[in-house]
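Notes to accompany the following structure.
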Amino acid sequence: MGMTAQPILRVLSGQSAWPPPAWLMRQAGRHLPEYRRTRQQAGSFMDLCLNPELAAEVTLQPVRRYGVDAAILFSDILIVPWAMGQGLTFAEGEGPRLPPIRDQAGLDALDVAGVAVRAAPIMETVRRVRAGLAAERPETALIGFSGGLWTVACYMIEGKGGGEFRQARRMMHGDPVFFAALMAKLEAATLAYLLAQAEAGAEALMIFDSWAGQLPPSAFRQWVIEPTKRLRAAIAAAYPGLPVIGFPRLAGPMLSEYAARTGVQAVGMDTSMDPAWAARHVPPHVALQGNLDPEALLAGGEALRREAACILEAVRGRAFIFNLGHGVEQPTPPEHVAALLAQVRAA
């Protein structure tokens with residue numbers, strides 16, 4: 001099926017569609033009973049990410065249940081450092097753990113050339129999902145993704161998530177040569193990872209820079225906007241027409257500059273972004289995506305209807321993809337998701 005038959009890809013080409021297409025960040029995950037059964041079958045989270053059969057299954061589960069307009073590859077933003085050889089484990093209830101990279105020996109051990117080989121199971125998942133969508137729901141697009149460089153570097157330097165990533169910020173300011181060398185390796189690995197997903201069948205790519213909002217404007221330009229611009233240009237050179245969605249979470253008013261300078265086809269709005277402001281300040285050729293509060297989705301009822309209606313009203317007339325401002329919360333009842341999608345489709 002051609003690109004123009006898929007609502008998400010029409011919007012990413014700059015067309016406005018109403019009602020807008022919709023998918024949800026973290027739509028394949030712990031709020032679904034079918035996911036929990038598959039996760040139990042797989043074992044650990046990493047075992048699930050690296051099992052193409054089961055990872056493809058959980059990627060397709062929300063498509064089958066909800067009829068969302070996009071499937072997003074089930075994986076993790078830390079697959080890239082893992083594929084470079086940095087150790088990665090997920091402690092139950094504690095999140096990811098990595099041996100921190102803060103010296104030359106740690107930097108030298110990172111193997112960019114080995115990324116494609118180690119990430120091969122992920123690419124097999126992409127191929128399986130693409131085949132599954134072609135057979136079951138060809139109007140649904142497949143989105144691949146990576147983490148943004150700043151966000152992934154934070155985890156690589158700190159060795160874990162959460163907090164204010166002080167070690168990463170101190171290194172950025174205090175040891176800029178080492179930090180730039182780390183970012184250069186990470187950029188090369190991220191590009192290889194994204195291009196491999198495109199080759200395997202991803203029809204759009206998304207870059208999640210979850211901690212972009214921690215940076216002051218000058219550093220935001222250097223370590224969020226400029227790397228994203230280079231990644232986008234390299235993707236366009238290799239796969240002309242392949243759209244990229246950028247998500248610089250908590251960017252605030254920097255979102256408009258990010259949208260104008262990076263060359264992405266859409267920007268994700270986080271929960272704190274006023275969609276009416278974004279509709280005025282983001283260049284009109286760049287689509288908007290977002291940005292319902294996941295807690296409103298969890299609450300359901302009138303709160304959910306009101307919040308969704310406000311977003312829809314603010315972006316009417318724009319190229320827009322309905323989504324959340326962050327991921328679906330684990331306790332969210334599936335019927336709340338179904339009710340939200342019904343409201344969006346009736347807009």
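Starting from 1 in every chain, residues are counted up; chains themselves are A, B, ... following the order of the structure tokens, and ligands are numbered from 1 as listed.
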
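Taking the backbone of this structure through DSSP, the residues of stretch 39-214 of chain A that come out as strand (DSSP E or B) are Ala70, Ala71, Ile72, Thr89, Phe90, Ala91, Gly95, Pro96, Arg97, Ala141, Leu142, Ile143, Gly144, Phe145, Ser146, Gly147, Lys160, Ala204, Leu205, Met206, Ile207, Phe208 and Asp209 of chain A.
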
Deliver the residues from the most recent selection as a file, using N, CA and C atoms, as a PDB file, in the first residue's frame.
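File produced: result00.pdb:
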```pdb
ATOM      1  N   ALA A  70      -0.728   3.952  14.007  1.00  0.00           N
ATOM      2  CA  ALA A  70       0.695   3.619  13.896  1.00  0.00           C
ATOM      3  C   ALA A  70       1.047   2.571  14.939  1.00  0.00           C
ATOM      4  N   ALA A  71       1.915   1.664  14.535  1.00  0.00           N
ATOM      5  CA  ALA A  71       2.594   0.772  15.475  1.00  0.00           C
ATOM      6  C   ALA A  71       3.980   1.343  15.696  1.00  0.00           C
ATOM      7  N   ILE A  72       4.437   1.359  16.945  1.00  0.00           N
ATOM      8  CA  ILE A  72       5.804   1.789  17.199  1.00  0.00           C
ATOM      9  C   ILE A  72       6.590   0.591  17.703  1.00  0.00           C
ATOM     10  N   THR A  89      21.398  -3.688  32.161  1.00  0.00           N
ATOM     11  CA  THR A  89      20.450  -4.567  32.834  1.00  0.00           C
ATOM     12  C   THR A  89      19.265  -3.725  33.290  1.00  0.00           C
ATOM     13  N   PHE A  90      18.140  -4.383  33.496  1.00  0.00           N
ATOM     14  CA  PHE A  90      16.945  -3.718  34.005  1.00  0.00           C
ATOM     15  C   PHE A  90      16.569  -4.371  35.329  1.00  0.00           C
ATOM     16  N   ALA A  91      16.767  -3.625  36.415  1.00  0.00           N
ATOM     17  CA  ALA A  91      16.412  -4.133  37.735  1.00  0.00           C
ATOM     18  C   ALA A  91      14.922  -3.917  37.966  1.00  0.00           C
ATOM     19  N   GLY A  95      14.514   0.257  37.162  1.00  0.00           N
ATOM     20  CA  GLY A  95      14.873   0.798  35.869  1.00  0.00           C
ATOM     21  C   GLY A  95      16.233   0.335  35.398  1.00  0.00           C
ATOM     22  N   PRO A  96      16.769   0.984  34.351  1.00  0.00           N
ATOM     23  CA  PRO A  96      18.016   0.512  33.729  1.00  0.00           C
ATOM     24  C   PRO A  96      19.238   0.789  34.587  1.00  0.00           C
ATOM     25  N   ARG A  97      20.228  -0.084  34.431  1.00  0.00           N
ATOM     26  CA  ARG A  97      21.530   0.087  35.071  1.00  0.00           C
ATOM     27  C   ARG A  97      22.621  -0.168  34.036  1.00  0.00           C
ATOM     28  N   ALA A 141       0.851   2.592   9.865  1.00  0.00           N
ATOM     29  CA  ALA A 141       2.274   2.815   9.605  1.00  0.00           C
ATOM     30  C   ALA A 141       3.126   2.233  10.730  1.00  0.00           C
ATOM     31  N   LEU A 142       4.364   1.931  10.403  1.00  0.00           N
ATOM     32  CA  LEU A 142       5.314   1.414  11.387  1.00  0.00           C
ATOM     33  C   LEU A 142       6.359   2.484  11.676  1.00  0.00           C
ATOM     34  N   ILE A 143       6.456   2.868  12.943  1.00  0.00           N
ATOM     35  CA  ILE A 143       7.416   3.870  13.390  1.00  0.00           C
ATOM     36  C   ILE A 143       8.564   3.174  14.116  1.00  0.00           C
ATOM     37  N   GLY A 144       9.780   3.404  13.644  1.00  0.00           N
ATOM     38  CA  GLY A 144      10.970   3.007  14.382  1.00  0.00           C
ATOM     39  C   GLY A 144      11.449   4.172  15.224  1.00  0.00           C
ATOM     40  N   PHE A 145      12.451   3.944  16.066  1.00  0.00           N
ATOM     41  CA  PHE A 145      12.872   5.049  16.932  1.00  0.00           C
ATOM     42  C   PHE A 145      14.268   4.827  17.492  1.00  0.00           C
ATOM     43  N   SER A 146      14.792   5.920  18.047  1.00  0.00           N
ATOM     44  CA  SER A 146      15.991   5.886  18.877  1.00  0.00           C
ATOM     45  C   SER A 146      15.831   6.938  19.955  1.00  0.00           C
ATOM     46  N   GLY A 147      16.716   6.903  20.927  1.00  0.00           N
ATOM     47  CA  GLY A 147      16.789   8.002  21.876  1.00  0.00           C
ATOM     48  C   GLY A 147      17.567   9.153  21.269  1.00  0.00           C
ATOM     49  N   LYS A 160      22.382   5.242  35.185  1.00  0.00           N
ATOM     50  CA  LYS A 160      20.991   4.973  35.538  1.00  0.00           C
ATOM     51  C   LYS A 160      20.154   6.179  35.136  1.00  0.00           C
ATOM     52  N   ALA A 204       8.561   5.483   9.273  1.00  0.00           N
ATOM     53  CA  ALA A 204       8.855   6.768   9.889  1.00  0.00           C
ATOM     54  C   ALA A 204       9.783   6.472  11.055  1.00  0.00           C
ATOM     55  N   LEU A 205      10.513   7.475  11.498  1.00  0.00           N
ATOM     56  CA  LEU A 205      11.435   7.316  12.619  1.00  0.00           C
ATOM     57  C   LEU A 205      11.166   8.423  13.628  1.00  0.00           C
ATOM     58  N   MET A 206      11.287   8.086  14.909  1.00  0.00           N
ATOM     59  CA  MET A 206      11.073   9.077  15.961  1.00  0.00           C
ATOM     60  C   MET A 206      12.302   9.122  16.855  1.00  0.00           C
ATOM     61  N   ILE A 207      12.686  10.339  17.247  1.00  0.00           N
ATOM     62  CA  ILE A 207      13.840  10.545  18.109  1.00  0.00           C
ATOM     63  C   ILE A 207      13.337  11.092  19.440  1.00  0.00           C
ATOM     64  N   PHE A 208      13.487  10.279  20.476  1.00  0.00           N
ATOM     65  CA  PHE A 208      12.999  10.625  21.811  1.00  0.00           C
ATOM     66  C   PHE A 208      14.124  11.279  22.611  1.00  0.00           C
ATOM     67  N   ASP A 209      14.092  12.599  22.765  1.00  0.00           N
ATOM     68  CA  ASP A 209      15.060  13.274  23.629  1.00  0.00           C
ATOM     69  C   ASP A 209      14.343  13.653  24.926  1.00  0.00           C
TER      70      ASP A 209
END
```

So which residues touch A:Ala28 within 6 Å, counting only C-alpha atoms, skipping near sequence neighbours fewer than 3 positions away, as number ranges by chain? A: 58-59, 62

Could you pull out the alpha helix (DSSP H) residues of stretch 112-306 of chain A, going by DSSP on the backbone, and write them as a PyMOL selection string? chain A and resi 115-118+120-136+149-158+166-174+176-200+217-220+226-238+254-262+275-281+294-299+301-306

Would you mind listing what lies within 8 Å of A:Glu295 as a ChimeraX atom specification, with only C-alpha atoms counted and same-chain residues fewer than 3 positions away left out? /A:298-299,329

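For the residues A:Ala200, A:Val126, A:Leu340, A:Val286, ranking by smallest atom-to-atom distance to A:Leu304 using only C-alpha atoms places A:Leu340 first.
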
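Among A:Leu182, A:Leu88, A:Val68, A:Cys49, the residue with the shortest atom-to-atom distance to A:Leu110, counting only C-alpha atoms, is A:Leu182.
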
If we count only C-alpha atoms, what is near A:Leu32 at a cut-off of 9 Å, once residues fewer than 3 positions away on the same chain are taken out, given as number ranges by chain? A: 27-29, 35-37, 61-62, 330, 332-334

Go ahead and write the residues just picked, C-alpha atoms, as a compact mmCIF listing (two decimals), in the first residue's frame.
```
# COMPACT_ATOMS: atom_id res chain seq x y z
CA GLN A 27 0.74 1.91 23.78
CA ALA A 28 2.38 -1.53 23.72
CA GLY A 29 3.06 -2.20 27.35
CA TYR A 35 1.36 -7.73 27.00
CA ARG A 36 1.74 -8.98 30.56
CA ARG A 37 1.15 -12.55 29.38
CA GLN A 61 -1.10 -5.96 20.17
CA PRO A 62 -2.38 -2.35 20.46
CA GLN A 330 0.63 1.08 33.78
CA THR A 332 -4.62 2.72 32.80
CA PRO A 333 -7.75 0.69 31.97
CA PRO A 334 -7.81 -0.32 28.29
```

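Proximity of A:Trp82, A:Leu324, A:Arg318, A:Gln343 to A:Gly301, computed with only C-alpha atoms, is greatest for A:Gln343.
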
So that I can check the surroundings of A:Trp211, please list as a VMD selection string every protein, DNA and RNA residue that reaches within 9 Å of it, counting only C-alpha atoms and ignoring chain neighbours fewer than 4 positions away. chain A and resid 148 150 to 152 154 215 248 to 251

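The residue that comes closest to A:Val63, out of A:Arg137, A:Arg10, A:Lys185, A:His285 and on the basis of only C-alpha atoms, is A:Arg137.
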
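Across the model, the gap from atom CA of A:Val315 to atom CA of A:Pro19 is 11.1 Å.
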
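One distance worth recording is that between atom CA of A:Pro283 and atom CA of A:Ala212, which is 20.0 Å.
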
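Note that atom CA of A:Ala276 and atom CA of A:Ala338 are 25.2 Å apart.
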